Every structure is written in C-alpha cells, then in structure tokens.
$ cat target-v6.txt   # compact mmCIF, C-alpha atoms
# COMPACT_ATOMS: atom_id res chain seq x y z
CA MET A 1 -8.46 -18.60 -25.44
CA PRO A 2 -9.25 -18.46 -21.71
CA LEU A 3 -10.01 -14.96 -20.50
CA ILE A 4 -8.09 -14.00 -17.35
CA VAL A 5 -10.29 -12.08 -14.94
CA ALA A 6 -8.17 -11.34 -11.87
CA THR A 7 -9.44 -9.29 -8.95
CA PRO A 8 -6.86 -6.70 -7.87
CA SER A 9 -4.67 -7.60 -4.88
CA ALA A 10 -5.40 -5.85 -1.59
CA CYS A 11 -1.91 -4.34 -1.46
CA SER A 12 -2.90 -1.56 0.95
CA SER A 13 -3.74 -4.22 3.56
CA LEU A 14 0.04 -4.78 3.89
CA LEU A 15 0.40 -1.41 5.62
CA PRO A 16 0.46 -1.31 9.46
CA ASP A 17 -2.82 -0.19 11.05
CA LYS A 18 -0.81 2.26 13.16
CA TRP A 19 0.19 4.17 10.03
CA ARG A 20 -3.43 4.94 9.21
CA GLN A 21 -3.55 7.13 12.32
CA GLY A 22 -0.73 9.35 11.06
CA VAL A 23 2.24 10.72 12.99
CA ALA A 24 1.45 12.74 16.12
CA GLY A 25 2.84 16.24 16.57
CA ALA A 26 5.65 16.77 19.08
CA PRO A 27 4.50 17.46 22.66
CA LEU A 28 3.53 21.13 23.04
CA PRO A 29 6.25 23.10 24.79
CA ASP A 30 5.71 23.31 28.54
CA GLY A 31 8.12 26.02 29.54
CA GLN A 32 8.60 29.63 28.71
CA THR A 33 12.22 29.78 27.62
CA ILE A 34 13.78 30.17 24.20
CA GLY A 35 15.37 26.75 24.62
CA ASP A 36 11.95 25.15 25.21
CA TRP A 37 10.58 26.50 21.97
CA ILE A 38 13.61 25.84 19.81
CA ALA A 39 13.75 22.29 21.14
CA PHE A 40 10.07 21.98 20.26
CA GLY A 41 10.85 23.16 16.73
CA ASP A 42 13.45 20.44 16.33
CA ALA A 43 11.19 17.76 17.80
CA GLN A 44 8.38 18.81 15.47
CA THR A 45 10.72 18.52 12.50
CA ALA A 46 11.55 14.99 13.61
CA GLN A 47 7.84 14.14 13.48
CA LEU A 48 7.67 15.61 9.96
CA ASP A 49 10.58 13.39 8.94
CA LYS A 50 8.76 10.35 10.32
CA ALA A 51 5.60 11.22 8.44
CA ASN A 52 7.48 11.68 5.17
CA ASP A 53 9.37 8.43 5.71
CA ARG A 54 6.15 6.51 6.29
CA TYR A 55 4.50 8.02 3.23
CA GLY A 56 7.44 7.08 1.00
CA ALA A 57 7.60 3.59 2.47
CA ALA A 58 3.84 3.07 2.07
CA MET A 59 3.92 4.19 -1.56
CA GLY A 60 6.83 1.82 -2.20
CA ILE A 61 5.15 -1.16 -0.53
CA VAL A 62 1.89 -0.68 -2.43
CA SER A 63 3.42 0.08 -5.83
CA ARG A 64 5.84 -2.87 -5.68
CA CYS A 65 2.99 -5.14 -4.58
CA GLU A 66 0.85 -4.00 -7.49
CA ALA A 67 3.75 -4.49 -9.91
CA ARG A 68 4.37 -8.05 -8.67
CA ASP A 69 0.71 -8.91 -9.02
CA ALA A 70 0.51 -7.45 -12.53
CA ALA A 71 3.62 -9.43 -13.53
CA ALA A 72 2.05 -12.65 -12.22
CA VAL A 73 -1.13 -12.03 -14.20
CA LYS A 74 0.84 -11.22 -17.35
CA LYS A 75 2.97 -14.36 -16.94
CA ALA A 76 -0.15 -16.52 -16.66
CA ARG A 77 -1.63 -15.11 -19.87
CA PRO A 78 -1.76 -17.89 -22.45
CA LYS A 79 0.24 -17.24 -25.59
CA VAL A 80 -0.86 -17.87 -29.19
CA LEU A 81 1.41 -20.53 -30.65
CA GLY A 82 3.60 -20.01 -27.58
CA LEU A 83 4.74 -16.66 -28.93
CA PHE A 84 2.25 -13.77 -28.50
CA MET B 1 -27.03 -51.54 -54.02
CA SER B 2 -30.01 -49.37 -54.74
CA TRP B 3 -30.60 -49.15 -50.99
CA LEU B 4 -27.04 -47.80 -50.60
CA ARG B 5 -27.56 -45.32 -53.41
CA ASP B 6 -30.84 -44.16 -51.91
CA ASN B 7 -29.43 -43.71 -48.39
CA ALA B 8 -25.88 -42.55 -49.19
CA ALA B 9 -26.70 -38.89 -48.64
CA ARG B 10 -28.43 -39.63 -45.34
CA ALA B 11 -25.51 -41.79 -44.17
CA ALA B 12 -23.01 -39.09 -45.15
CA ALA B 13 -25.02 -36.50 -43.21
CA ILE B 14 -25.09 -38.71 -40.12
CA VAL B 15 -21.35 -39.35 -40.32
CA ALA B 16 -20.66 -35.64 -40.80
CA LEU B 17 -22.88 -34.73 -37.86
CA GLY B 18 -21.21 -37.33 -35.70
CA ALA B 19 -17.77 -36.02 -36.64
CA LEU B 20 -18.88 -32.48 -35.86
CA LEU B 21 -20.20 -33.52 -32.45
CA VAL B 22 -16.99 -35.36 -31.61
CA GLY B 23 -15.00 -32.34 -32.74
CA ILE B 24 -17.01 -29.99 -30.55
CA LEU B 25 -16.65 -32.26 -27.52
CA LEU B 26 -12.89 -32.57 -28.09
CA LEU B 27 -12.53 -28.79 -28.44
CA ARG B 28 -14.49 -28.15 -25.24
CA SER B 29 -12.39 -30.69 -23.39
CA CYS B 30 -9.18 -29.05 -24.59
CA GLU B 31 -10.51 -25.60 -23.67
CA THR B 32 -11.51 -26.76 -20.18
CA GLU B 33 -8.09 -28.29 -19.64
CA ARG B 34 -6.38 -25.15 -20.92
CA THR B 35 -8.49 -22.92 -18.68
CA ALA B 36 -7.66 -25.08 -15.68
CA LYS B 37 -3.94 -24.84 -16.48
CA VAL B 38 -4.11 -21.07 -16.84
CA SER B 39 -6.09 -20.75 -13.59
CA THR B 40 -3.55 -22.87 -11.73
CA LYS B 41 -0.66 -20.91 -13.21
CA LEU B 42 -2.37 -17.63 -12.26
CA ALA B 43 -3.12 -18.74 -8.71
CA THR B 44 0.43 -20.01 -8.20
CA GLY B 45 1.95 -16.86 -9.64
CA ARG B 46 -0.22 -14.56 -7.52
CA ALA B 47 0.46 -16.58 -4.38
CA GLY B 48 4.18 -16.16 -4.99
CA ALA B 49 3.71 -12.44 -5.59
CA SER B 50 1.71 -12.15 -2.35
CA LEU B 51 4.45 -13.87 -0.36
CA ALA B 52 7.10 -11.60 -1.85
CA SER B 53 4.99 -8.51 -1.15
CA GLY B 54 4.40 -9.62 2.43
CA ALA B 55 8.13 -10.07 2.99
CA ASP B 56 8.80 -6.70 1.35
CA ALA B 57 6.26 -5.03 3.66
CA VAL B 58 7.83 -6.60 6.76
CA ASP B 59 11.32 -5.49 5.68
CA THR B 60 10.21 -1.97 4.78
CA THR B 61 8.16 -1.35 7.92
CA GLY B 62 11.03 -2.73 9.99
CA SER B 63 13.36 -0.31 8.30
CA VAL B 64 10.97 2.60 9.00
CA GLN B 65 10.74 1.56 12.63
CA GLY B 66 14.54 1.58 12.82
CA ASN B 67 14.63 5.06 11.30
CA GLU B 68 12.11 6.31 13.87
CA VAL B 69 14.14 4.94 16.77
CA ALA B 70 17.25 6.61 15.35
CA SER B 71 15.31 9.86 14.86
CA ASP B 72 14.18 9.82 18.50
CA ALA B 73 17.79 9.41 19.59
CA ILE B 74 18.77 12.44 17.48
CA THR B 75 15.89 14.42 19.01
CA ARG B 76 17.16 13.68 22.52
CA GLU B 77 20.71 14.67 21.58
CA ASN B 78 19.49 17.86 19.91
CA ASP B 79 17.31 18.67 22.91
CA ASP B 80 20.35 18.40 25.21
CA ALA B 81 22.47 20.52 22.90
CA ILE B 82 19.80 23.22 22.61
CA ARG B 83 19.00 23.43 26.31
CA ASN B 84 22.71 23.57 27.18
CA ALA B 85 23.47 26.29 24.64
CA GLU B 86 24.08 29.83 25.83
CA GLY B 87 20.85 31.79 25.99
CA ALA B 88 18.59 28.76 26.10
CA SER B 89 17.20 29.70 29.47
CA ALA B 90 16.29 33.24 28.37
CA PRO B 91 12.59 33.79 29.01
CA ILE B 92 10.07 34.64 26.35
CA ALA B 93 7.22 37.02 26.91
CA ASN B 94 3.88 35.60 28.01
CA ALA B 95 2.10 37.18 25.06
CA VAL B 96 4.28 35.59 22.40
CA ARG B 97 4.22 32.24 24.21
CA ASP B 98 0.42 32.37 24.35
CA ALA B 99 0.27 33.39 20.67
CA GLY B 100 2.55 30.52 19.80
CA LEU B 101 0.44 27.97 21.67
CA ALA B 102 -2.75 29.38 20.19
CA SER B 103 -1.28 29.07 16.71
CA LEU B 104 -0.34 25.46 17.29
CA CYS B 105 -3.78 24.71 18.66
CA ARG B 106 -5.29 25.73 15.32
CA ARG B 107 -3.53 22.82 13.68
CA ALA B 108 -5.19 19.48 13.10
CA ALA B 109 -2.24 17.76 14.79
CA TYR B 110 -3.30 19.28 18.12
CA ARG B 111 -7.04 18.98 17.81
CA GLY B 112 -8.32 17.59 21.09
CA ASN B 113 -5.01 18.16 22.89
CA PRO B 114 -5.79 18.95 26.55
CA LYS B 115 -3.52 22.04 26.46
CA CYS B 116 -5.44 23.34 23.47
CA VAL B 117 -8.82 22.78 25.04
CA GLN B 118 -7.73 25.03 27.88
CA GLN B 119 -6.49 27.77 25.51
CA PRO B 120 -8.62 30.80 24.88
CA PRO B 121 -9.70 31.04 21.21
CA ALA B 122 -7.20 32.86 18.92
CA ARG B 123 -8.16 36.47 18.12
$ encode --input "target-v6.txt" --output "structure tokens"
Amino acid sequence: MPLIVATPSACSSLLPDKWRQGVAGAPLPDGQTIGDWIAFGDAQTAQLDKANDRYGAAMGIVSRCEARDAAAVKKARPKVLGLF
Amino acid sequence: MSWLRDNAARAAAIVALGALLVGILLLRSCETERTAKVSTKLATGRAGASLASGADAVDTTGSVQGNEVASDAITRENDDAIRNAEGASAPIANAVRDAGLASLCRRAAYRGNPKCVQQPPAR
C-alpha cells in the first residue's frame, strides 16, 4: 500500500505580517488632567481588545487550516478493500 | 519422449520462473499506478484545502480589521465623553503624573518611545 508522506502545510504563513509586530500601546498621555489619564486608560483597553482579537483570530485561522489539511491527507489515504 | 521426460523438470522450472517474473512486473505496475492515483488525490485534496484556508484567512483578517475600525470609533466617542465629564479638567499632581509615566515606560509596549527615553529612571 502506498505510504503517504505529506509535509505539513505552512498555515502560519496565512497570517498578516503586520500581526507579527503586535499591537502598539495607546499614545502616552500628554496632559496633566484626570480626563487625560482616564481617557488613556480607555484607549489602552481598546489596544488590549485588539490584541486579544488578533490572537483569537490567528489561532482560528491556523487551527482550521491544519484541520483542513489533515482531512485532505486522511481522505487520500488508500483503503483496504475500499473499507479500512 | 525420453527427451521430454528428461527435461520436464527443467521446463517446469522455466515456466514457473517466467510466471513469477510476469507476476512481479504486473504487481509493480499496479503499485506504481496506485501510488500515482494516491499522489494525485492527495495533491488535489491539499490544493483545495489551501484555497479554502486562504479564503478563510482573508475573511477572518477582514473581520478583525472591521472590529479595529469600530473599536477606534468607540475610543473617540469615549474620549469625548470622558473629557466632557465634570471633573475631567481637574489637574493631577506632577509627582503622580511623573510616577505614572515612569511606570508605563517600564513596559515593553513603550520601549524606545521618545517620551520614555526622556524620562528619568524609576526609583
């Protein structure tokens, strides 16, 4: 029976190069008022949300890619008597 | 007749060997054909998987981009709301502002930031 030797797919190459650089922090507060710093806190939280979103999306892209590739390899596997 | 009797065993061996050789060649040919079919099926399957994964990546990254644009809009709205709230313009003491900036400058996210380079080292 032919042996299937399949090199793994480069699923991580599907991710945007920009994502490898990570998400930048919010601009440091310029002023000296309470409003400046609270606004900074909110802006920083927005950057955290972006980072978490990218991480989840990246994990999803790579894991689904790997699953598709594994399914394709399994489907190509020759069966004994068309059954196993 | 005696010739046939004398050489029957040799003839049988030659026929058997010939049959074995033909059998081996047939088996190899079948195996080669089968391997080629499996390789083609594998290549086709993986190409399809690659296309689907590429489309998935485009959709997902597009969705993330949309989320980031929406998030920036929320940030601007929140910024307006905060700065227009009562007490927003109240000043904070220099010392706590400096301590706050120094703390942020210790974070990897601000490594190399020009404002951090100017900061005195945290005590």
$ atom_distance --input "target-v6.txt" --atom1 "atom CA of Arg83 of chain B" --atom2 "atom CA of Asn113 of chain B"
24.8 Å
$ closest_atom_pairs --input "target-v6.txt" --of "chain A" --to "chain B" --cutoff "6 Å" --atoms "only C-alpha atoms" --output "Markdown table"
| residue | atom | partner | partner_atom | distance |
| --- | --- | --- | --- | --- |
| A:Pro2 | CA | B:Thr35 | CA | 5.4 |
| A:Gly25 | CA | B:Ala109 | CA | 5.6 |
| A:Gln32 | CA | B:Ile92 | CA | 5.7 |
| A:Thr33 | CA | B:Pro91 | CA | 4.3 |
| A:Ile34 | CA | B:Ala88 | CA | 5.4 |
| A:Gly35 | CA | B:Ala88 | CA | 4.1 |
| A:Ala39 | CA | B:Asp79 | CA | 5.4 |
| A:Ala43 | CA | B:Thr75 | CA | 5.9 |
| A:Ile61 | CA | B:Ala57 | CA | 5.8 |
| A:Cys65 | CA | B:Ser53 | CA | 5.2 |
| A:Arg68 | CA | B:Ala49 | CA | 5.4 |
| A:Asp69 | CA | B:Ala49 | CA | 5.8 |
| A:Ala72 | CA | B:Gly45 | CA | 4.9 |
| A:Ala76 | CA | B:Leu42 | CA | 5.1 |
$ closest_residue --input "target-v6.txt" --among "A:Asp42, A:Asp30, A:Gly22, A:Ala10" --to "Glu77 of chain B" --atoms "all atoms listed in the file"
A:Asp42
$ atom_distance --input "target-v6.txt" --atom1 "atom CA of Arg54 of chain A" --atom2 "atom CA of Gly112 of chain B"
23.5 Å
$ atom_distance --input "target-v6.txt" --atom1 "atom CA of Ala26 of chain A" --atom2 "atom CA of Thr45 of chain A"
8.5 Å
$ closest_residue --input "target-v6.txt" --among "B:Ala102, B:Ala70, B:Val117, B:Leu4" --to "Asp49 of chain A" --atoms "all atoms listed in the file"
B:Ala70
$ build_atoms --input "target-v6.txt" --residues "segment 68-79 of chain B" --atoms "all heavy atoms" --output "CSV table (one decimal), in the frame of the given file"
chain,number,residue,atom,x,y,z
B,68,GLU,N,12.8,5.5,12.9
B,68,GLU,CA,12.1,6.3,13.9
B,68,GLU,C,12.8,6.2,15.2
B,68,GLU,O,12.9,7.2,15.9
B,68,GLU,CB,10.6,5.8,14.0
B,68,GLU,CG,9.9,6.2,12.7
B,68,GLU,CD,8.4,5.8,12.8
B,68,GLU,OE1,7.9,5.4,13.9
B,68,GLU,OE2,7.7,6.0,11.8
B,69,VAL,N,13.4,5.1,15.5
B,69,VAL,CA,14.1,4.9,16.8
B,69,VAL,C,15.4,5.8,16.7
B,69,VAL,O,15.7,6.5,17.7
B,69,VAL,CB,14.5,3.5,17.0
B,69,VAL,CG1,15.5,3.3,18.1
B,69,VAL,CG2,13.3,2.6,17.3
B,70,ALA,N,16.1,5.8,15.5
B,70,ALA,CA,17.2,6.6,15.4
B,70,ALA,C,16.9,8.1,15.4
B,70,ALA,O,17.6,8.9,16.0
B,70,ALA,CB,17.9,6.3,14.0
B,71,SER,N,15.8,8.5,14.8
B,71,SER,CA,15.3,9.9,14.9
B,71,SER,C,15.1,10.3,16.3
B,71,SER,O,15.4,11.4,16.7
B,71,SER,CB,14.1,10.0,14.0
B,71,SER,OG,13.6,11.3,14.1
B,72,ASP,N,14.4,9.5,17.1
B,72,ASP,CA,14.2,9.8,18.5
B,72,ASP,C,15.5,10.0,19.3
B,72,ASP,O,15.6,10.9,20.1
B,72,ASP,CB,13.4,8.7,19.2
B,72,ASP,CG,11.9,8.7,18.7
B,72,ASP,OD1,11.5,9.7,18.1
B,72,ASP,OD2,11.2,7.7,18.9
B,73,ALA,N,16.5,9.2,18.9
B,73,ALA,CA,17.8,9.4,19.6
B,73,ALA,C,18.4,10.8,19.2
B,73,ALA,O,18.9,11.5,20.1
B,73,ALA,CB,18.7,8.3,19.2
B,74,ILE,N,18.3,11.1,17.9
B,74,ILE,CA,18.8,12.4,17.5
B,74,ILE,C,18.0,13.6,18.2
B,74,ILE,O,18.6,14.6,18.6
B,74,ILE,CB,18.6,12.6,15.9
B,74,ILE,CG1,19.6,11.6,15.2
B,74,ILE,CG2,18.9,14.0,15.5
B,74,ILE,CD1,19.4,11.5,13.7
B,75,THR,N,16.7,13.4,18.3
B,75,THR,CA,15.9,14.4,19.0
B,75,THR,C,16.4,14.6,20.4
B,75,THR,O,16.5,15.8,20.9
B,75,THR,CB,14.4,14.0,19.0
B,75,THR,OG1,14.0,13.9,17.7
B,75,THR,CG2,13.5,15.1,19.7
B,76,ARG,N,16.7,13.5,21.1
B,76,ARG,CA,17.2,13.7,22.5
B,76,ARG,C,18.5,14.4,22.6
B,76,ARG,O,18.7,15.3,23.4
B,76,ARG,CB,17.3,12.3,23.2
B,76,ARG,CG,15.9,11.7,23.6
B,76,ARG,CD,16.1,10.5,24.4
B,76,ARG,NE,16.7,9.4,23.7
B,76,ARG,CZ,16.1,8.5,23.0
B,76,ARG,NH1,14.8,8.6,22.8
B,76,ARG,NH2,16.8,7.5,22.4
B,77,GLU,N,19.4,14.0,21.6
B,77,GLU,CA,20.7,14.7,21.6
B,77,GLU,C,20.6,16.2,21.3
B,77,GLU,O,21.2,17.0,21.9
B,77,GLU,CB,21.6,14.0,20.5
B,77,GLU,CG,22.0,12.6,20.8
B,77,GLU,CD,22.6,11.9,19.6
B,77,GLU,OE1,22.9,12.5,18.6
B,77,GLU,OE2,22.8,10.7,19.7
B,78,ASN,N,19.7,16.5,20.3
B,78,ASN,CA,19.5,17.9,19.9
B,78,ASN,C,18.9,18.6,21.1
B,78,ASN,O,19.3,19.8,21.3
B,78,ASN,CB,18.6,17.9,18.7
B,78,ASN,CG,19.2,17.5,17.4
B,78,ASN,OD1,20.4,17.2,17.4
B,78,ASN,ND2,18.5,17.3,16.4
B,79,ASP,N,18.0,18.0,21.8
B,79,ASP,CA,17.3,18.7,22.9
B,79,ASP,C,18.4,19.1,24.0
B,79,ASP,O,18.4,20.2,24.5
B,79,ASP,CB,16.3,17.7,23.5
B,79,ASP,CG,15.4,18.4,24.6
B,79,ASP,OD1,14.4,19.0,24.2
B,79,ASP,OD2,15.8,18.3,25.8
